[in-house]
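Trainee: Below are the structure tokens for one structure; questions will follow.
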Amino acid sequence: GGAGGPSGRGRKPGWDPSRPRFKPKKEEASGWLWGRHAVEAALMNRAREGEMRLMATAERARELAPILAKYRKSLRIETVEGKQLTDKLPTGAVHQGMALKTAALEGVSIDELGEPAKGIILMLDSVTDPQNVGAIFRSAAAFGARGVVMQDRNAPVLSGSLAKAAAGAIDKIDCARVTNLSRALERLAELGWRSVGLAGEAE
């Protein structure tokens with residue numbers, strides 16, 4: 001076995017071999033957004049197209065009415081009890097009385113994100129935890145970044161707990177999903193961008 005083998009030697013305390021690592025939970029891909037900031041930002045994002053399903057408690061439905069009147073006139077709110085939302089969403093989802101089912105955002109190409117070459121673009125390499133990615137989106141929006149680049153193969157979906165952690169930021173800044181990060185860096189360099197690498201272990 002050796003360290004990291006079947007014997008478990010070298011594993012961190014609390015390691016659970018039955019729990020998959022770095023894979024989005026099945027429910028994360030269901031298309032649900034929850035929490036006030038995530039839901040309101042999605043409703044106000046005109047780039048979101050297609051059918052939507054909005055569920056909210058009576059109190060939250062009243063708060064959402066002005067947003068629907070301005071951005072989604074044809075969308076009807078399903079008024080439900082808080083427990084119904086809890087049962088509908090993944091375990092532990094802090095829904096704040098509202099949830100929205102919607103198609104995933106399509107994102108933009110690297111060329112669309114990179115022109116003109118001005119501002120800051122964040123590129124995420126092997127950042128796979130939805131909570132971490134959501135927090136990065138939130139910070140990127142707060143600091144006025146142009147957008148985020150993620151590798152398509154390993155990146156979590158932009159919904160569920162990621163969207164909740166992002167507090168609406170996935171609808172406020174652009175995201176480009178690319179097959180190869182190195183080629184994306186080369187293309188951004190061609191468009192006039194300069195690359196800066198950051199490492200957690202650096203002084």
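Ordering of the structure tokens sets the chain letters (A, B, ...); residue numbers start at 1 within each chain; ligands are numbered from 1 in the order shown.
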From a DSSP pass on the backbone, collect the residues of region 29-202 of chain A flagged as alpha helix (DSSP H) and hand them back as an MDAnalysis selection string.
Mentor: chainID A and resid 36:44 58:71 82:88 110:114 130:142 160:166 181:190
Trainee: Write out as CSV the residues of region 103-202 of chain A that have any atom within 12 Å of an atom of region 82-89 of chain A, one row each with the nearest atom pair and its distance in Å to one decimal, counting only C-alpha atoms, sorted by chain and then rising number.
Mentor:
```
residue,atom,partner,partner_atom,distance
A:Ser159,CA,A:Leu89,CA,11.9
A:Gly160,CA,A:Leu89,CA,8.8
A:Ser161,CA,A:Leu89,CA,10.3
```
Trainee: What would the file look like if the residues just selected were written as a PDB file, in the first residue's frame with N, CA and C atoms?
Mentor:
```pdb
ATOM      1  N   SER A 159     -23.711  26.885 -10.421  1.00  0.00           N
ATOM      2  CA  SER A 159     -25.037  26.864  -9.801  1.00  0.00           C
ATOM      3  C   SER A 159     -24.868  26.296  -8.398  1.00  0.00           C
ATOM      4  N   GLY A 160     -25.980  26.036  -7.739  1.00  0.00           N
ATOM      5  CA  GLY A 160     -25.913  25.395  -6.441  1.00  0.00           C
ATOM      6  C   GLY A 160     -25.115  26.150  -5.394  1.00  0.00           C
ATOM      7  N   SER A 161     -24.293  25.410  -4.651  1.00  0.00           N
ATOM      8  CA  SER A 161     -23.551  26.024  -3.547  1.00  0.00           C
ATOM      9  C   SER A 161     -22.523  27.024  -4.056  1.00  0.00           C
TER      10      SER A 161
END
```
Trainee: Extract, using only C-alpha atoms, all DNA, RNA and protein residues at most 9 Å from Ala58 (chain A), discarding same-chain residues fewer than 6 positions from it, and format them as a ChimeraX atom specification.
Mentor: /A:79-81,97
Trainee: Which distance in Å separates CA of Gly197 (chain A) and CA of Met123 (chain A), to one decimal?
Mentor: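 Atom-to-atom, CA of Gly197 (chain A) to CA of Met123 (chain A), that is 9.4 Å.
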Trainee: Ala117 (chain A): which residues within 9 Å, counting only C-alpha atoms, same-chain residues fewer than 3 positions away excluded, as a ChimeraX atom specification?
Mentor: /A:113-114,120,188,191-193
Trainee: Residues as selected, N, CA, C and O atoms, written as a compact mmCIF listing (two decimals), in the first residue's frame, can you do that?
Mentor:
```
# COMPACT_ATOMS: atom_id res chain seq x y z
N LEU A 113 -13.68 37.82 -23.69
CA LEU A 113 -13.24 38.24 -22.37
C LEU A 113 -11.99 39.11 -22.44
O LEU A 113 -11.81 40.04 -21.66
N GLY A 114 -11.13 38.83 -23.41
CA GLY A 114 -9.82 39.47 -23.46
C GLY A 114 -9.74 40.78 -24.21
O GLY A 114 -8.69 41.44 -24.20
N ILE A 120 -8.31 43.34 -14.99
CA ILE A 120 -7.78 42.11 -14.40
C ILE A 120 -8.68 40.94 -14.78
O ILE A 120 -9.90 41.03 -14.70
N LEU A 188 -4.35 35.19 -24.63
CA LEU A 188 -4.46 36.46 -23.91
C LEU A 188 -3.21 37.31 -24.12
O LEU A 188 -3.29 38.53 -24.24
N LEU A 191 -3.43 39.07 -27.24
CA LEU A 191 -4.38 40.18 -27.16
C LEU A 191 -3.85 41.36 -26.34
O LEU A 191 -4.52 42.37 -26.18
N GLY A 192 -2.63 41.18 -25.79
CA GLY A 192 -2.01 42.29 -25.07
C GLY A 192 -1.98 42.17 -23.56
O GLY A 192 -1.62 43.12 -22.86
N TRP A 193 -2.34 40.99 -23.02
CA TRP A 193 -2.35 40.81 -21.58
C TRP A 193 -0.99 40.35 -21.06
O TRP A 193 -0.23 39.70 -21.76
```
Trainee: Out of A:Glu78, A:Cys175, A:Asn180, A:Val127, which residue has the shortest atom-to-atom distance to Ala155 (chain A) when counting only C-alpha atoms?
Mentor: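 For Ala155 (chain A), the nearest of the given residues is A:Val127.
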Trainee: Could you list, as a PyMOL selection string, every residue within 12 Å of Glu40 (chain A), counting only C-alpha atoms and ignoring same-chain residues fewer than 2 positions away?
Mentor: chain A and resi 33-38+42-46+54+56+60-61+63-68+70-72+96+98-100+163-164+167-172
Trainee: Limited to N, CA, C and O atoms, could you put the picked residues into a file as a short mmCIF file (atom, residue, chain, number, x, y, z; two decimals), in the first residue's frame?
Mentor:
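Result file out17.cif:
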```cif
data_model
loop_
_atom_site.label_atom_id
_atom_site.label_comp_id
_atom_site.auth_asym_id
_atom_site.auth_seq_id
_atom_site.Cartn_x
_atom_site.Cartn_y
_atom_site.Cartn_z
N LEU A 33 -30.61 27.57 -8.18
CA LEU A 33 -29.91 28.61 -7.45
C LEU A 33 -30.73 28.92 -6.21
O LEU A 33 -31.96 28.85 -6.26
N TRP A 34 -30.08 29.26 -5.13
CA TRP A 34 -30.83 29.62 -3.92
C TRP A 34 -30.10 30.71 -3.16
O TRP A 34 -28.92 30.95 -3.36
N GLY A 35 -30.86 31.36 -2.29
CA GLY A 35 -30.31 32.50 -1.55
C GLY A 35 -30.66 33.80 -2.25
O GLY A 35 -30.72 33.87 -3.47
N ARG A 36 -30.87 34.84 -1.47
CA ARG A 36 -31.36 36.12 -2.00
C ARG A 36 -30.46 36.70 -3.08
O ARG A 36 -30.91 37.03 -4.17
N HIS A 37 -29.18 36.84 -2.80
CA HIS A 37 -28.28 37.50 -3.76
C HIS A 37 -28.18 36.72 -5.07
O HIS A 37 -28.21 37.31 -6.16
N ALA A 38 -28.04 35.40 -4.97
CA ALA A 38 -27.90 34.58 -6.18
C ALA A 38 -29.16 34.62 -7.03
O ALA A 38 -29.11 34.78 -8.25
N ALA A 42 -29.61 36.60 -10.72
CA ALA A 42 -29.98 35.79 -11.89
C ALA A 42 -31.22 36.35 -12.57
O ALA A 42 -31.30 36.41 -13.81
N LEU A 43 -32.20 36.78 -11.78
CA LEU A 43 -33.42 37.35 -12.35
C LEU A 43 -33.13 38.65 -13.10
O LEU A 43 -33.75 38.94 -14.13
N MET A 44 -32.17 39.43 -12.62
CA MET A 44 -31.85 40.71 -13.25
C MET A 44 -30.88 40.59 -14.43
O MET A 44 -30.68 41.55 -15.15
N ASN A 45 -30.30 39.40 -14.59
CA ASN A 45 -29.35 39.19 -15.69
C ASN A 45 -30.10 38.85 -16.97
O ASN A 45 -30.57 37.73 -17.15
N ARG A 46 -30.16 39.80 -17.88
CA ARG A 46 -30.92 39.58 -19.12
C ARG A 46 -30.25 38.57 -20.04
O ARG A 46 -30.86 38.11 -21.00
N LEU A 54 -39.47 29.70 -10.39
CA LEU A 54 -39.17 30.48 -9.18
C LEU A 54 -40.08 30.07 -8.05
O LEU A 54 -41.31 30.12 -8.18
N ALA A 56 -40.79 30.67 -3.82
CA ALA A 56 -40.45 31.56 -2.71
C ALA A 56 -41.53 31.50 -1.65
O ALA A 56 -42.70 31.18 -1.94
N ARG A 60 -41.01 36.46 0.90
CA ARG A 60 -39.99 36.71 -0.13
C ARG A 60 -40.63 36.99 -1.49
O ARG A 60 -40.09 37.76 -2.29
N ALA A 61 -41.77 36.40 -1.74
CA ALA A 61 -42.46 36.65 -3.01
C ALA A 61 -42.83 38.12 -3.14
O ALA A 61 -42.72 38.71 -4.22
N GLU A 63 -41.19 40.58 -1.80
CA GLU A 63 -39.94 41.31 -2.04
C GLU A 63 -39.46 41.17 -3.48
O GLU A 63 -38.84 42.08 -4.03
N LEU A 64 -39.74 40.03 -4.09
CA LEU A 64 -39.29 39.77 -5.45
C LEU A 64 -40.18 40.40 -6.51
O LEU A 64 -39.76 40.57 -7.66
N ALA A 65 -41.39 40.76 -6.14
CA ALA A 65 -42.36 41.28 -7.11
C ALA A 65 -41.82 42.47 -7.93
O ALA A 65 -41.99 42.49 -9.16
N PRO A 66 -41.17 43.47 -7.32
CA PRO A 66 -40.66 44.59 -8.12
C PRO A 66 -39.60 44.17 -9.14
O PRO A 66 -39.54 44.72 -10.24
N ILE A 67 -38.77 43.19 -8.78
CA ILE A 67 -37.74 42.71 -9.70
C ILE A 67 -38.40 42.02 -10.89
O ILE A 67 -38.02 42.24 -12.05
N LEU A 68 -39.41 41.20 -10.61
CA LEU A 68 -40.11 40.52 -11.71
C LEU A 68 -40.82 41.52 -12.61
O LEU A 68 -40.83 41.38 -13.83
N LYS A 70 -39.92 44.39 -13.39
CA LYS A 70 -38.95 45.10 -14.23
C LYS A 70 -38.22 44.19 -15.21
O LYS A 70 -37.98 44.56 -16.36
N TYR A 71 -37.86 42.98 -14.75
CA TYR A 71 -36.99 42.13 -15.57
C TYR A 71 -37.65 40.87 -16.12
O TYR A 71 -37.20 40.34 -17.15
N ARG A 72 -38.67 40.33 -15.44
CA ARG A 72 -39.24 39.04 -15.82
C ARG A 72 -40.76 39.09 -15.72
O ARG A 72 -41.37 38.39 -14.93
N GLN A 96 -32.83 31.04 2.25
CA GLN A 96 -33.37 32.37 2.60
C GLN A 96 -34.77 32.60 2.01
O GLN A 96 -35.15 33.71 1.71
N MET A 98 -36.09 31.48 -0.92
CA MET A 98 -36.29 31.57 -2.37
C MET A 98 -35.32 30.64 -3.11
O MET A 98 -34.22 30.37 -2.65
N ALA A 99 -35.79 30.14 -4.25
CA ALA A 99 -34.96 29.29 -5.10
C ALA A 99 -35.41 29.45 -6.54
O ALA A 99 -36.59 29.67 -6.83
N LEU A 100 -34.45 29.36 -7.45
CA LEU A 100 -34.72 29.56 -8.87
C LEU A 100 -34.07 28.44 -9.66
O LEU A 100 -32.88 28.17 -9.51
N ALA A 163 -22.95 29.14 -6.61
CA ALA A 163 -23.68 30.39 -6.84
C ALA A 163 -24.03 31.06 -5.52
O ALA A 163 -23.99 32.29 -5.41
N LYS A 164 -24.38 30.27 -4.52
CA LYS A 164 -24.70 30.84 -3.21
C LYS A 164 -23.47 31.51 -2.60
O LYS A 164 -23.54 32.63 -2.09
N ALA A 167 -22.69 34.82 -4.11
CA ALA A 167 -23.60 35.92 -3.75
C ALA A 167 -24.00 36.77 -4.95
O ALA A 167 -24.02 37.99 -4.89
N GLY A 168 -24.30 36.12 -6.07
CA GLY A 168 -24.77 36.84 -7.25
C GLY A 168 -23.69 37.21 -8.24
O GLY A 168 -23.98 37.68 -9.35
N ALA A 169 -22.42 36.97 -7.88
CA ALA A 169 -21.31 37.43 -8.74
C ALA A 169 -21.23 36.68 -10.06
O ALA A 169 -20.72 37.22 -11.05
N ILE A 170 -21.74 35.44 -10.14
CA ILE A 170 -21.66 34.71 -11.41
C ILE A 170 -22.53 35.38 -12.48
O ILE A 170 -22.35 35.13 -13.67
N ASP A 171 -23.47 36.22 -12.06
CA ASP A 171 -24.30 36.95 -13.01
C ASP A 171 -23.80 38.36 -13.23
O ASP A 171 -24.41 39.12 -13.99
N LYS A 172 -22.72 38.74 -12.58
CA LYS A 172 -22.22 40.11 -12.68
C LYS A 172 -20.90 40.23 -13.44
O LYS A 172 -20.57 41.30 -13.93
#
```
Trainee: Please compute the CA of Ala145 (chain A)-CA of Val133 (chain A) distance, one decimal, in Å.
Mentor: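 One can read the CA of Ala145 (chain A) to CA of Val133 (chain A) distance as 14.5 Å.
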Trainee: May I ask for the distance between CA of Val39 (chain A) and CA of Glu115 (chain A), given in Å to one decimal place?
Mentor: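 Interatomic distance here is 29.0 Å.
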Trainee: With distances taken over only C-alpha atoms, which of A:Met55, A:Ala41, A:Ala103, A:Ala93 is nearest to Val157 (chain A)?
Mentor: A:Ala103
